[in-house]
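Content type mmCIF, N, CA, C and O atoms, from the file my_file34.cif:
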data_input
loop_
_atom_site.label_atom_id
_atom_site.label_comp_id
_atom_site.auth_asym_id
_atom_site.auth_seq_id
_atom_site.Cartn_x
_atom_site.Cartn_y
_atom_site.Cartn_z
N GLU A 3 104.01 87.84 94.27
CA GLU A 3 105.29 87.47 93.74
C GLU A 3 105.07 86.75 92.42
O GLU A 3 104.21 85.90 92.30
N VAL A 4 105.89 87.09 91.43
CA VAL A 4 105.80 86.51 90.09
C VAL A 4 107.05 85.69 89.83
O VAL A 4 108.16 86.12 90.13
N HIS A 5 106.86 84.52 89.25
CA HIS A 5 108.00 83.69 88.86
C HIS A 5 107.80 83.30 87.40
O HIS A 5 106.76 82.77 87.03
N ILE A 6 108.84 83.56 86.59
CA ILE A 6 108.79 83.20 85.16
C ILE A 6 110.07 82.46 84.82
O ILE A 6 111.15 82.84 85.23
N GLU A 7 109.91 81.39 84.06
CA GLU A 7 111.09 80.69 83.55
C GLU A 7 110.76 80.14 82.17
O GLU A 7 109.60 79.92 81.83
N GLY A 8 111.79 79.96 81.38
CA GLY A 8 111.60 79.44 80.03
C GLY A 8 112.56 78.30 79.75
O GLY A 8 113.27 77.83 80.65
N THR A 9 112.61 77.90 78.51
CA THR A 9 113.47 76.79 78.12
C THR A 9 114.94 77.20 78.06
O THR A 9 115.81 76.34 78.06
N CYS A 10 115.21 78.50 77.99
CA CYS A 10 116.58 79.00 78.03
C CYS A 10 116.61 80.30 78.83
O CYS A 10 115.60 81.01 78.89
N PRO A 11 117.73 80.62 79.46
CA PRO A 11 117.80 81.85 80.25
C PRO A 11 117.68 83.09 79.36
O PRO A 11 118.38 83.20 78.36
N ARG A 12 116.78 83.99 79.71
CA ARG A 12 116.63 85.26 78.99
C ARG A 12 115.76 86.17 79.83
O ARG A 12 115.16 85.75 80.82
N ASP A 13 115.67 87.43 79.44
CA ASP A 13 114.81 88.38 80.12
C ASP A 13 113.37 88.21 79.63
O ASP A 13 113.14 87.88 78.46
N PHE A 14 112.42 88.45 80.52
CA PHE A 14 111.00 88.39 80.19
C PHE A 14 110.35 89.72 80.48
O PHE A 14 110.72 90.41 81.43
N THR A 15 109.34 90.07 79.68
CA THR A 15 108.59 91.29 79.92
C THR A 15 107.33 90.98 80.70
O THR A 15 106.86 89.83 80.72
N ILE A 16 106.77 92.00 81.32
CA ILE A 16 105.52 91.80 82.05
C ILE A 16 104.40 91.46 81.07
O ILE A 16 103.48 90.73 81.41
N GLY A 17 104.49 91.96 79.84
CA GLY A 17 103.50 91.60 78.82
C GLY A 17 103.49 90.11 78.55
O GLY A 17 102.43 89.50 78.38
N GLU A 18 104.66 89.48 78.53
CA GLU A 18 104.74 88.03 78.33
C GLU A 18 104.09 87.29 79.49
O GLU A 18 103.45 86.26 79.28
N PHE A 19 104.26 87.80 80.71
CA PHE A 19 103.61 87.19 81.86
C PHE A 19 102.10 87.16 81.68
O PHE A 19 101.45 86.14 81.87
N PHE A 20 101.51 88.29 81.25
CA PHE A 20 100.06 88.34 81.04
C PHE A 20 99.63 87.46 79.87
O PHE A 20 98.56 86.87 79.90
N GLU A 21 100.48 87.34 78.82
CA GLU A 21 100.16 86.48 77.68
C GLU A 21 100.01 85.02 78.10
O GLU A 21 99.14 84.31 77.61
N VAL A 22 100.89 84.57 79.00
CA VAL A 22 100.83 83.19 79.49
C VAL A 22 99.45 82.89 80.07
O VAL A 22 98.90 81.82 79.89
N TRP A 23 98.87 83.87 80.76
CA TRP A 23 97.57 83.71 81.41
C TRP A 23 96.43 84.15 80.50
O TRP A 23 95.28 84.22 80.92
N GLU A 24 96.77 84.46 79.22
CA GLU A 24 95.78 84.88 78.20
C GLU A 24 94.96 86.08 78.67
O GLU A 24 93.74 86.13 78.52
N LYS A 25 95.67 87.06 79.26
CA LYS A 25 95.04 88.29 79.74
C LYS A 25 95.61 89.48 78.99
O LYS A 25 96.79 89.51 78.65
N THR A 26 94.79 90.48 78.74
CA THR A 26 95.21 91.70 78.06
C THR A 26 95.91 92.63 79.04
O THR A 26 95.42 92.85 80.15
N PHE A 27 97.06 93.16 78.64
CA PHE A 27 97.74 94.19 79.41
C PHE A 27 98.62 95.01 78.48
O PHE A 27 99.51 94.48 77.82
N ASN A 28 98.33 96.31 78.40
CA ASN A 28 99.14 97.26 77.65
C ASN A 28 98.82 98.66 78.15
O ASN A 28 98.19 98.80 79.20
N GLU A 29 99.25 99.68 77.43
CA GLU A 29 99.04 101.05 77.88
C GLU A 29 97.58 101.48 77.88
O GLU A 29 97.22 102.49 78.49
N THR A 30 96.70 100.72 77.22
CA THR A 30 95.30 101.12 77.14
C THR A 30 94.32 100.17 77.82
O THR A 30 93.20 100.56 78.10
N CYS A 31 94.74 98.93 78.10
CA CYS A 31 93.81 97.96 78.71
C CYS A 31 94.52 97.06 79.71
O CYS A 31 95.66 96.67 79.51
N ILE A 32 93.80 96.71 80.77
CA ILE A 32 94.20 95.63 81.66
C ILE A 32 92.97 94.76 81.85
O ILE A 32 91.91 95.24 82.27
N PHE A 33 93.11 93.50 81.48
CA PHE A 33 91.99 92.56 81.43
C PHE A 33 90.89 93.18 80.56
O PHE A 33 91.16 93.60 79.44
N GLU A 34 89.67 93.29 81.04
CA GLU A 34 88.59 93.87 80.23
C GLU A 34 88.43 95.37 80.48
O GLU A 34 87.56 96.01 79.88
N ASN A 35 89.27 95.96 81.32
CA ASN A 35 89.18 97.39 81.64
C ASN A 35 90.07 98.19 80.70
O ASN A 35 91.29 98.03 80.73
N CYS A 36 89.44 99.04 79.88
CA CYS A 36 90.19 99.84 78.91
C CYS A 36 90.00 101.33 79.18
O CYS A 36 88.94 101.77 79.63
N VAL A 37 91.05 102.08 78.88
CA VAL A 37 91.06 103.52 79.10
C VAL A 37 90.07 104.19 78.17
O VAL A 37 89.97 103.86 76.99
N ASN A 38 89.32 105.12 78.73
CA ASN A 38 88.48 106.00 77.93
C ASN A 38 88.61 107.40 78.52
O ASN A 38 89.52 107.63 79.32
N GLY A 39 87.74 108.31 78.20
CA GLY A 39 87.84 109.68 78.70
C GLY A 39 87.74 109.80 80.21
O GLY A 39 88.15 110.80 80.78
N ASN A 40 87.22 108.77 80.87
CA ASN A 40 87.01 108.83 82.32
C ASN A 40 87.88 107.86 83.12
O ASN A 40 87.63 107.66 84.30
N SER A 41 88.88 107.25 82.49
CA SER A 41 89.68 106.26 83.21
C SER A 41 91.15 106.33 82.79
O SER A 41 91.48 106.86 81.73
N THR A 42 92.01 105.77 83.64
CA THR A 42 93.45 105.75 83.37
C THR A 42 94.04 104.44 83.86
O THR A 42 93.50 103.79 84.75
N ILE A 43 95.17 104.07 83.28
CA ILE A 43 95.99 102.95 83.77
C ILE A 43 97.37 103.53 84.05
O ILE A 43 97.94 104.22 83.21
N THR A 44 97.90 103.22 85.21
CA THR A 44 99.28 103.59 85.52
C THR A 44 100.02 102.35 86.03
O THR A 44 99.42 101.42 86.57
N MET A 45 101.32 102.37 85.81
CA MET A 45 102.17 101.28 86.31
C MET A 45 103.38 101.92 86.95
O MET A 45 104.04 102.77 86.35
N LYS A 46 103.66 101.51 88.18
CA LYS A 46 104.84 101.99 88.90
C LYS A 46 105.71 100.81 89.29
O LYS A 46 105.19 99.77 89.71
N VAL A 47 107.00 100.99 89.11
CA VAL A 47 107.98 99.98 89.52
C VAL A 47 108.87 100.63 90.57
O VAL A 47 109.50 101.66 90.29
N ASN A 48 108.84 100.08 91.76
CA ASN A 48 109.59 100.65 92.89
C ASN A 48 109.27 102.13 93.07
O ASN A 48 110.14 102.93 93.37
N GLY A 49 108.00 102.50 92.85
CA GLY A 49 107.54 103.86 93.05
C GLY A 49 107.73 104.79 91.87
O GLY A 49 107.26 105.93 91.90
N ASN A 50 108.38 104.35 90.80
CA ASN A 50 108.62 105.18 89.62
C ASN A 50 107.69 104.78 88.49
O ASN A 50 107.61 103.59 88.15
N GLU A 51 107.01 105.77 87.89
CA GLU A 51 106.06 105.46 86.83
C GLU A 51 106.77 104.95 85.59
O GLU A 51 107.83 105.44 85.20
N VAL A 52 106.17 103.93 84.97
CA VAL A 52 106.68 103.29 83.75
C VAL A 52 105.64 103.51 82.66
O VAL A 52 104.45 103.32 82.90
N TYR A 53 106.07 103.87 81.45
CA TYR A 53 105.11 104.23 80.40
C TYR A 53 104.95 103.16 79.32
O TYR A 53 103.88 103.04 78.74
N SER A 54 105.96 102.40 78.99
CA SER A 54 105.81 101.32 78.01
C SER A 54 105.55 100.03 78.77
O SER A 54 106.36 99.12 78.85
N MET A 55 104.38 99.96 79.35
CA MET A 55 104.04 98.98 80.37
C MET A 55 104.29 97.54 79.97
O MET A 55 105.03 96.83 80.65
N ASP A 56 103.67 97.06 78.91
CA ASP A 56 103.77 95.64 78.57
C ASP A 56 105.17 95.24 78.11
O ASP A 56 105.53 94.08 78.14
N LYS A 57 106.00 96.21 77.74
CA LYS A 57 107.35 95.93 77.27
C LYS A 57 108.39 95.99 78.39
O LYS A 57 109.58 95.77 78.17
N TYR A 58 107.93 96.27 79.62
CA TYR A 58 108.85 96.40 80.74
C TYR A 58 109.48 95.05 81.07
O TYR A 58 108.79 94.04 81.25
N THR A 59 110.82 95.02 81.17
CA THR A 59 111.55 93.80 81.50
C THR A 59 111.55 93.59 83.01
O THR A 59 111.96 94.46 83.78
N LEU A 60 111.08 92.43 83.42
CA LEU A 60 110.99 92.10 84.84
C LEU A 60 112.37 91.81 85.42
O LEU A 60 113.22 91.21 84.76
N LYS A 61 112.55 92.26 86.67
CA LYS A 61 113.80 92.01 87.40
C LYS A 61 113.45 91.50 88.80
O LYS A 61 112.40 91.84 89.34
N ASP A 62 114.32 90.71 89.37
CA ASP A 62 114.10 90.15 90.71
C ASP A 62 113.89 91.24 91.75
O ASP A 62 114.58 92.27 91.74
N GLY A 63 112.94 91.02 92.65
CA GLY A 63 112.76 91.86 93.81
C GLY A 63 112.05 93.18 93.59
O GLY A 63 112.02 94.01 94.49
N GLU A 64 111.48 93.40 92.42
CA GLU A 64 110.81 94.67 92.16
C GLU A 64 109.40 94.70 92.76
O GLU A 64 108.74 93.67 92.86
N ASP A 65 108.98 95.90 93.11
CA ASP A 65 107.62 96.14 93.58
C ASP A 65 106.87 96.80 92.43
O ASP A 65 107.17 97.94 92.06
N ILE A 66 105.90 96.08 91.84
CA ILE A 66 105.17 96.58 90.67
C ILE A 66 103.72 96.81 91.06
O ILE A 66 103.06 95.92 91.58
N LEU A 67 103.26 98.03 90.79
CA LEU A 67 101.87 98.40 91.06
C LEU A 67 101.21 98.81 89.75
O LEU A 67 101.68 99.73 89.08
N ILE A 68 100.17 98.10 89.36
CA ILE A 68 99.38 98.44 88.18
C ILE A 68 98.02 98.89 88.69
O ILE A 68 97.37 98.15 89.42
N GLU A 69 97.62 100.08 88.28
CA GLU A 69 96.37 100.64 88.83
C GLU A 69 95.48 101.16 87.71
O GLU A 69 95.91 101.95 86.88
N PHE A 70 94.25 100.66 87.70
CA PHE A 70 93.22 101.15 86.79
C PHE A 70 92.26 102.01 87.60
O PHE A 70 91.73 101.54 88.61
N LYS A 71 92.09 103.26 87.18
CA LYS A 71 91.19 104.17 87.89
C LYS A 71 90.09 104.63 86.94
O LYS A 71 90.37 105.06 85.83
N SER A 72 88.87 104.52 87.40
CA SER A 72 87.73 105.01 86.65
C SER A 72 87.16 106.20 87.43
O SER A 72 86.80 106.07 88.59
N ASN A 73 87.10 107.36 86.79
CA ASN A 73 86.62 108.58 87.47
C ASN A 73 85.13 108.68 87.50
O ASN A 73 84.40 108.32 86.72
#
Target format structure tokens, applied to this file:
Amino acid sequence: EVHIEGTCPRDFTIGEFFEVWEKTFNETCIFENCVNGNSTITMKVNGNEVYSMDKYTLKDGEDILIEFKSN
């Protein structure tokens, strides 16, 4: 479960969540794992694939799966 709050009410992206923890997350890298010819990153929200990963706006009660696969 993720909880985010700021000094004023507004929407937050999942990228901002990772920034707070000083971790890399975007369409090509999660933490130190980056996509190359043998790996992929996917993100699903409530079972539906999302492509602009770090820009995704978080909403209450969502099930978010981020998966890095190395072949």
I would like the residues chosen by the PyMOL selection byres (((chain A and resi 43-46 and name CA) around 6) and name CA) on the shown file; could you give them as a list in words?
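Those residues are Thr42, Val47, Gly49, Asn50, Glu51, Val52, Ile66, Leu67, Ile68, Glu69 and Phe70 of chain A.
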Q.
Which residues are near Glu18 in chain A? Cut-off 7 Å, all atoms listed in the file, ignore same chain within fewer than 6 positions. Put them as a ChimeraX atom specification.
A. /A:24,56-58
May I have the selected residues written with N, CA, C and O atoms, as a compact mmCIF listing (two decimals), in the coordinates of the input?
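Result went into out.txt, see below:
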# COMPACT_ATOMS: atom_id res chain seq x y z
N GLU A 24 96.77 84.46 79.22
CA GLU A 24 95.78 84.88 78.20
C GLU A 24 94.96 86.08 78.67
O GLU A 24 93.74 86.13 78.52
N ASP A 56 103.67 97.06 78.91
CA ASP A 56 103.77 95.64 78.57
C ASP A 56 105.17 95.24 78.11
O ASP A 56 105.53 94.08 78.14
N LYS A 57 106.00 96.21 77.74
CA LYS A 57 107.35 95.93 77.27
C LYS A 57 108.39 95.99 78.39
O LYS A 57 109.58 95.77 78.17
N TYR A 58 107.93 96.27 79.62
CA TYR A 58 108.85 96.40 80.74
C TYR A 58 109.48 95.05 81.07
O TYR A 58 108.79 94.04 81.25
Evaluate the PyMOL selection byres ((chain A and resi 40) around 7) and record the selected residues as a ChimeraX atom specification, following the chain and residue labels used in the document.
/A:37-39,41-42,71-73
Using 8 Å of padding on each side, determine the axis-aligned box around all atoms of range 32-49 of chain A present in the file and give its centre and edge lengths in Å to one decimal, as lines of an AutoDock Vina configuration file.
center_x = 98.6
center_y = 101.7
center_z = 85.2
size_x = 39.1
size_y = 34.2
size_z = 32.4
Within 12 Å of Val4 in chain A using only C-alpha atoms, minus same-chain residues under 6 positions, as a compact mmCIF listing (two decimals) with N, CA, C and O atoms, in the frame of the given file:
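The resulting file, out24.txt, is reproduced below:
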# COMPACT_ATOMS: atom_id res chain seq x y z
N PHE A 14 112.42 88.45 80.52
CA PHE A 14 111.00 88.39 80.19
C PHE A 14 110.35 89.72 80.48
O PHE A 14 110.72 90.41 81.43
N THR A 15 109.34 90.07 79.68
CA THR A 15 108.59 91.29 79.92
C THR A 15 107.33 90.98 80.70
O THR A 15 106.86 89.83 80.72
N ILE A 16 106.77 92.00 81.32
CA ILE A 16 105.52 91.80 82.05
C ILE A 16 104.40 91.46 81.07
O ILE A 16 103.48 90.73 81.41
N GLU A 18 104.66 89.48 78.53
CA GLU A 18 104.74 88.03 78.33
C GLU A 18 104.09 87.29 79.49
O GLU A 18 103.45 86.26 79.28
N PHE A 19 104.26 87.80 80.71
CA PHE A 19 103.61 87.19 81.86
C PHE A 19 102.10 87.16 81.68
O PHE A 19 101.45 86.14 81.87
N PHE A 20 101.51 88.29 81.25
CA PHE A 20 100.06 88.34 81.04
C PHE A 20 99.63 87.46 79.87
O PHE A 20 98.56 86.87 79.90
N LEU A 60 111.08 92.43 83.42
CA LEU A 60 110.99 92.10 84.84
C LEU A 60 112.37 91.81 85.42
O LEU A 60 113.22 91.21 84.76
N LYS A 61 112.55 92.26 86.67
CA LYS A 61 113.80 92.01 87.40
C LYS A 61 113.45 91.50 88.80
O LYS A 61 112.40 91.84 89.34
N ASP A 62 114.32 90.71 89.37
CA ASP A 62 114.10 90.15 90.71
C ASP A 62 113.89 91.24 91.75
O ASP A 62 114.58 92.27 91.74
N GLY A 63 112.94 91.02 92.65
CA GLY A 63 112.76 91.86 93.81
C GLY A 63 112.05 93.18 93.59
O GLY A 63 112.02 94.01 94.49
N GLU A 64 111.48 93.40 92.42
CA GLU A 64 110.81 94.67 92.16
C GLU A 64 109.40 94.70 92.76
O GLU A 64 108.74 93.67 92.86
N ASP A 65 108.98 95.90 93.11
CA ASP A 65 107.62 96.14 93.58
C ASP A 65 106.87 96.80 92.43
O ASP A 65 107.17 97.94 92.06
N ILE A 66 105.90 96.08 91.84
CA ILE A 66 105.17 96.58 90.67
C ILE A 66 103.72 96.81 91.06
O ILE A 66 103.06 95.92 91.58
From CA of Met55 in chain A to CA of Phe33 in chain A the spacing works out at 13.7 Å
